[in-house]
There are 2 protein chains.
Amino acid sequence: MNSSASTKERILTAAEALFAQRGFEGASLRQLTAAAGVNLAAVNYHFGSKDHLVEQVFKRRLDQLNGRRMAALRLIASQPETSLEDVLSAFIRPALDLSHDGGGGLFMRVLARAFAEHDDSLRKFLSENYGHVMRQFTAEFARLLPGLSKEELYWRIDLVTGALTHAMSGFGIIQRKSDVSEVTHREQTAEHLIRFAASGLRAP
Amino acid sequence: MNSSASTKERILTAAEALFAQRGFEGASLRQLTAAAGVNLAAVNYHFGSKDHLVEQVFKRRLDQLNGRRMAALRLIASQPETSLEDVLSAFIRPALDLSHDGGGGLFMRVLARAFAEHDDSLRKFLSENYGHVMRQFTAEFARLLPGLSKEELYWRIDLVTGALTHAMSGFGIIQRKSDVSEVTHREQTAEHLIRFAASGLRAP
DNA sequence: CGTATCCTCAAACGATCGTTTGATTCCATC
DNA sequence: GATGGAATCAAACGATCGTTTGAGGATACG
């Protein structure tokens, strides 16, 4: 499958799916390379080690995700008026879109796993490479919610993050019904998330 | 350590800590039995298999947790008036208390991991044994939020669950400051959670 | 054709995994 | 004190893990 793509890409795609399904430790290189249709040794040849492969799986999608998030934030920041819902939309919709195009639908599950694992090296990697995105959004939230103390703001952003990660990794009872198109379902999901998060952030 | 407790209890306690730290697959029986100070074969002797041990780790804490949740819910249901905050308190505070007494502080991390793993047999176990608790709380939420459609209600409860699990498994930036007592910190955490969740549930 | 470079391959390496075995110790009951 | 089931122990089982090796194939440039 996917025999047209390069070996590296085939490995990354298969790894993403298998990590989402079985976890980082649960997915073996033998399952992984078999699914990708490449030789077992190809992982260590192209990525050096399994740990580096994990990092690259993250890097490929997070570069997409946070690039789009920053672009969306810049777009609304250039406008005269900005609502809390606008900022939340810039934060949430790129993540939902990732589930749609590029086949990155499984990545949010991988991300949820990464949150659950408290692996320090992975957290450091995430913080160093993408911390500035969170800081930018936090500043925007602070501007729009001037009544909140810094501590309260951090708390609520953390709770929003938890709700989004949980929802987007797809535990929810809510499944797309067959009579609703993928695009429509995504739009409804975004609206639910934004409405809930905005109201939670604005709590008295 | 803990040499007074029974072998089974020692294993369960060590397993809980190690599962929280390394995950179900990442924690080996050799690390686990060494930490508990028992023989390697003791796990299979007392629990049959590693999978059964995982189930028992869940059972021990969830019986506590959901027992207290149901008790708290019964208590407020017997009163003439009930607020949304009351129901949320009955849902949240027992989980926070678990972090305090009984040494179950690490269990919420284990639970967060269980959510991240999409293991079907584990989800079935959770649903069969504790599904009635969620159904009870859902009914109470529905009564207090009559304006919400069933679909909207499910959505929002799911988002609340995500926020709570995330917060309680302790990713947050928020750490307890040294000049704040454990009890005070827990109380502040509960208030943040309840205020955010109530406002999110009440979103227009 | 020669050869240099990148890549792929089957096979093996040592380590660690969950589990099982059979002997031994503990301990309540007679 | 003898007996028998419960519990613990060191040792080994086969399986699987991530990684390494060295030979061979593919391709481009001289």
# chains A, B, ... in the order shown; residues from 1 in each chain; ligands from 1

call {"tool": "closest_atom_pairs", "arguments": {"of": "chain C", "to": "chain A", "cutoff": "10 Å", "atoms": "only C-alpha atoms (C1' of nucleotides)", "output": "JSON lines"}}
result
{"residue": "C:DC7", "atom": "C1'", "partner": "A:Ala42", "partner_atom": "CA", "distance": 8.9}
{"residue": "C:DT8", "atom": "C1'", "partner": "A:Asn39", "partner_atom": "CA", "distance": 7.0}
{"residue": "C:DC9", "atom": "C1'", "partner": "A:Asn39", "partner_atom": "CA", "distance": 7.0}
{"residue": "C:DA10", "atom": "C1'", "partner": "A:Asn39", "partner_atom": "CA", "distance": 9.5}

call {"tool": "interface_residues", "arguments": {"of": "chain A", "to": "chain B", "cutoff": "8 Å", "atoms": "only C-alpha atoms", "output": "ChimeraX atom specification"}}
result
/A:21-23,25-26,109,112-113,115-118,151-152,154-156,158-167,171-174,192-193,195-204

call {"tool": "write_last_selection", "arguments": {"atoms": "C-alpha atoms", "output": "mmCIF file, in the first residue's frame"}}
result
data_model
loop_
_atom_site.group_PDB
_atom_site.id
_atom_site.type_symbol
_atom_site.label_atom_id
_atom_site.label_comp_id
_atom_site.auth_asym_id
_atom_site.auth_seq_id
_atom_site.Cartn_x
_atom_site.Cartn_y
_atom_site.Cartn_z
ATOM 1 C CA GLN A 21 -3.748 2.332 17.870
ATOM 2 C CA ARG A 22 -1.231 0.558 20.092
ATOM 3 C CA GLY A 23 0.824 3.274 21.734
ATOM 4 C CA GLU A 25 5.644 1.009 23.377
ATOM 5 C CA GLY A 26 2.879 -1.240 22.167
ATOM 6 C CA ARG A 109 -4.953 10.247 19.261
ATOM 7 C CA ALA A 112 -3.556 12.421 23.497
ATOM 8 C CA ARG A 113 -1.281 9.495 24.242
ATOM 9 C CA PHE A 115 -0.194 13.832 27.072
ATOM 10 C CA ALA A 116 -1.003 10.721 29.050
ATOM 11 C CA GLU A 117 2.578 9.508 28.986
ATOM 12 C CA HIS A 118 4.529 11.859 31.142
ATOM 13 C CA GLU A 151 -3.449 32.010 37.667
ATOM 14 C CA GLU A 152 -7.109 31.749 36.796
ATOM 15 C CA TYR A 154 -3.731 29.416 33.124
ATOM 16 C CA TRP A 155 -6.164 27.168 34.885
ATOM 17 C CA ARG A 156 -8.920 27.728 32.361
ATOM 18 C CA ASP A 158 -5.489 24.124 30.743
ATOM 19 C CA LEU A 159 -9.044 22.922 31.165
ATOM 20 C CA VAL A 160 -9.895 23.971 27.614
ATOM 21 C CA THR A 161 -6.875 22.049 26.346
ATOM 22 C CA GLY A 162 -8.018 18.973 28.202
ATOM 23 C CA ALA A 163 -11.531 19.176 26.805
ATOM 24 C CA LEU A 164 -10.291 19.626 23.254
ATOM 25 C CA THR A 165 -7.722 16.867 23.371
ATOM 26 C CA HIS A 166 -10.255 14.503 24.866
ATOM 27 C CA ALA A 167 -12.905 15.374 22.321
ATOM 28 C CA PHE A 171 -13.489 8.955 22.905
ATOM 29 C CA GLY A 172 -16.784 10.703 22.854
ATOM 30 C CA ILE A 173 -20.067 8.945 22.740
ATOM 31 C CA ILE A 174 -20.827 11.228 19.854
ATOM 32 C CA HIS A 192 -19.844 22.670 20.169
ATOM 33 C CA LEU A 193 -16.252 22.996 21.253
ATOM 34 C CA ARG A 195 -19.358 27.423 22.511
ATOM 35 C CA PHE A 196 -18.438 25.297 25.491
ATOM 36 C CA ALA A 197 -14.891 26.640 25.773
ATOM 37 C CA ALA A 198 -15.900 30.278 25.395
ATOM 38 C CA SER A 199 -18.497 29.970 28.094
ATOM 39 C CA GLY A 200 -16.084 28.165 30.390
ATOM 40 C CA LEU A 201 -13.425 30.801 29.891
ATOM 41 C CA ARG A 202 -15.896 33.566 30.612
ATOM 42 C CA ALA A 203 -17.107 31.964 33.834
ATOM 43 C CA PRO A 204 -17.802 34.537 36.581
#

call {"tool": "residues_around", "arguments": {"residues": "segment 5-22 of chain D", "least_positions_apart": "4", "cutoff": "10 Å", "atoms": "only C-alpha atoms (C1' of nucleotides)", "output": "JSON, numbers by chain"}}
result
{"A": [25, 28, 29, 30, 41, 44, 48, 49, 50], "B": [7, 38, 39, 40, 41, 42, 45, 46], "C": [11, 12, 13, 14, 15, 16, 17, 18, 19, 20, 21, 22, 23, 24, 25, 26, 27, 28]}

call {"tool": "residues_around", "arguments": {"residues": "Leu153 of chain B", "least_positions_apart": "6", "cutoff": "9 Å", "atoms": "only C-alpha atoms (C1' of nucleotides)", "output": "PDB file with N, CA, C and O atoms, in the first residue's frame"}}
result
ATOM      1  N   THR B 138     -25.711  11.714  34.442  1.00  0.00           N
ATOM      2  CA  THR B 138     -26.265  12.284  33.217  1.00  0.00           C
ATOM      3  C   THR B 138     -27.733  12.654  33.401  1.00  0.00           C
ATOM      4  O   THR B 138     -28.185  13.726  32.973  1.00  0.00           O
ATOM      5  N   PHE B 141     -27.902  15.828  35.382  1.00  0.00           N
ATOM      6  CA  PHE B 141     -27.553  16.984  34.545  1.00  0.00           C
ATOM      7  C   PHE B 141     -28.712  17.342  33.623  1.00  0.00           C
ATOM      8  O   PHE B 141     -29.028  18.517  33.423  1.00  0.00           O
ATOM      9  N   ALA B 142     -29.320  16.329  33.060  1.00  0.00           N
ATOM     10  CA  ALA B 142     -30.436  16.580  32.139  1.00  0.00           C
ATOM     11  C   ALA B 142     -31.584  17.299  32.844  1.00  0.00           C
ATOM     12  O   ALA B 142     -32.225  18.193  32.285  1.00  0.00           O
ATOM     13  N   LEU B 145     -30.590  20.948  33.307  1.00  0.00           N
ATOM     14  CA  LEU B 145     -30.341  21.706  32.077  1.00  0.00           C
ATOM     15  C   LEU B 145     -31.408  21.344  31.062  1.00  0.00           C
ATOM     16  O   LEU B 145     -31.110  20.748  30.020  1.00  0.00           O
ATOM     17  N   LEU B 201     -21.241  24.084  30.811  1.00  0.00           N
ATOM     18  CA  LEU B 201     -22.493  23.340  30.654  1.00  0.00           C
ATOM     19  C   LEU B 201     -23.665  24.276  30.386  1.00  0.00           C
ATOM     20  O   LEU B 201     -24.602  23.931  29.671  1.00  0.00           O
TER      21      LEU B 201
END

call {"tool": "atom_distance", "arguments": {"atom1": "atom CA of Leu98 of chain A", "atom2": "atom CA of Gln188 of chain A"}}
result
15.7 Å

call {"tool": "atom_distance", "arguments": {"atom1": "atom CA of Ala95 of chain B", "atom2": "atom CA of Lys59 of chain B"}}
result
14.5 Å

call {"tool": "atom_distance", "arguments": {"atom1": "atom CA of Met108 of chain B", "atom2": "atom CA of Ala17 of chain B"}}
result
10.6 Å

call {"tool": "residues_around", "arguments": {"residues": "segment 26-30 of chain D", "least_positions_apart": "2", "cutoff": "10 Å", "atoms": "only C-alpha atoms (C1' of nucleotides)", "output": "mmCIF file with C-alpha atoms (C1' of nucleotides), in the first residue's frame"}}
result
data_model
loop_
_atom_site.group_PDB
_atom_site.id
_atom_site.type_symbol
_atom_site.label_atom_id
_atom_site.label_comp_id
_atom_site.auth_asym_id
_atom_site.auth_seq_id
_atom_site.Cartn_x
_atom_site.Cartn_y
_atom_site.Cartn_z
ATOM 1 C "C1'" DG C 2 33.955 0.658 -13.565
ATOM 2 C "C1'" DT C 3 32.795 2.501 -9.409
ATOM 3 C "C1'" DA C 4 30.892 5.216 -5.814
ATOM 4 C "C1'" DT C 5 26.763 6.144 -3.200
ATOM 5 C "C1'" DC C 6 22.480 5.335 -1.517
ATOM 6 C "C1'" DC C 7 19.369 1.989 -0.211
ATOM 7 C "C1'" DT C 8 17.344 -2.657 0.787
#

call {"tool": "residues_around", "arguments": {"residues": "Arg10 of chain B", "least_positions_apart": "4", "cutoff": "12 Å", "atoms": "only C-alpha atoms (C1' of nucleotides)", "output": "list in words"}}
result
Met1, Asn2, Ser3, Ser4, Ala5, Ser6, Ala14, Ala15, Glu16, Ala17, Leu32, Thr33, Ala34, Ala35, Ala36, Gly37, Val38, Asn39, Ala42, Val43, His46 and Val57 of chain B

call {"tool": "residues_around", "arguments": {"residues": "DC30 of chain C", "least_positions_apart": "2", "cutoff": "12 Å", "atoms": "only C-alpha atoms (C1' of nucleotides)", "output": "PyMOL selection string"}}
result
(chain C and resi 28) or (chain D and resi 1-4)

call {"tool": "select_by_dssp", "arguments": {"residues": "chain A", "states": "alpha helix (DSSP H)", "output": "MDAnalysis selection string"}}
result
chainID A and resid 7:22 29:36 42:47 50:77 84:98 107:116 120:144 150:168 182:201
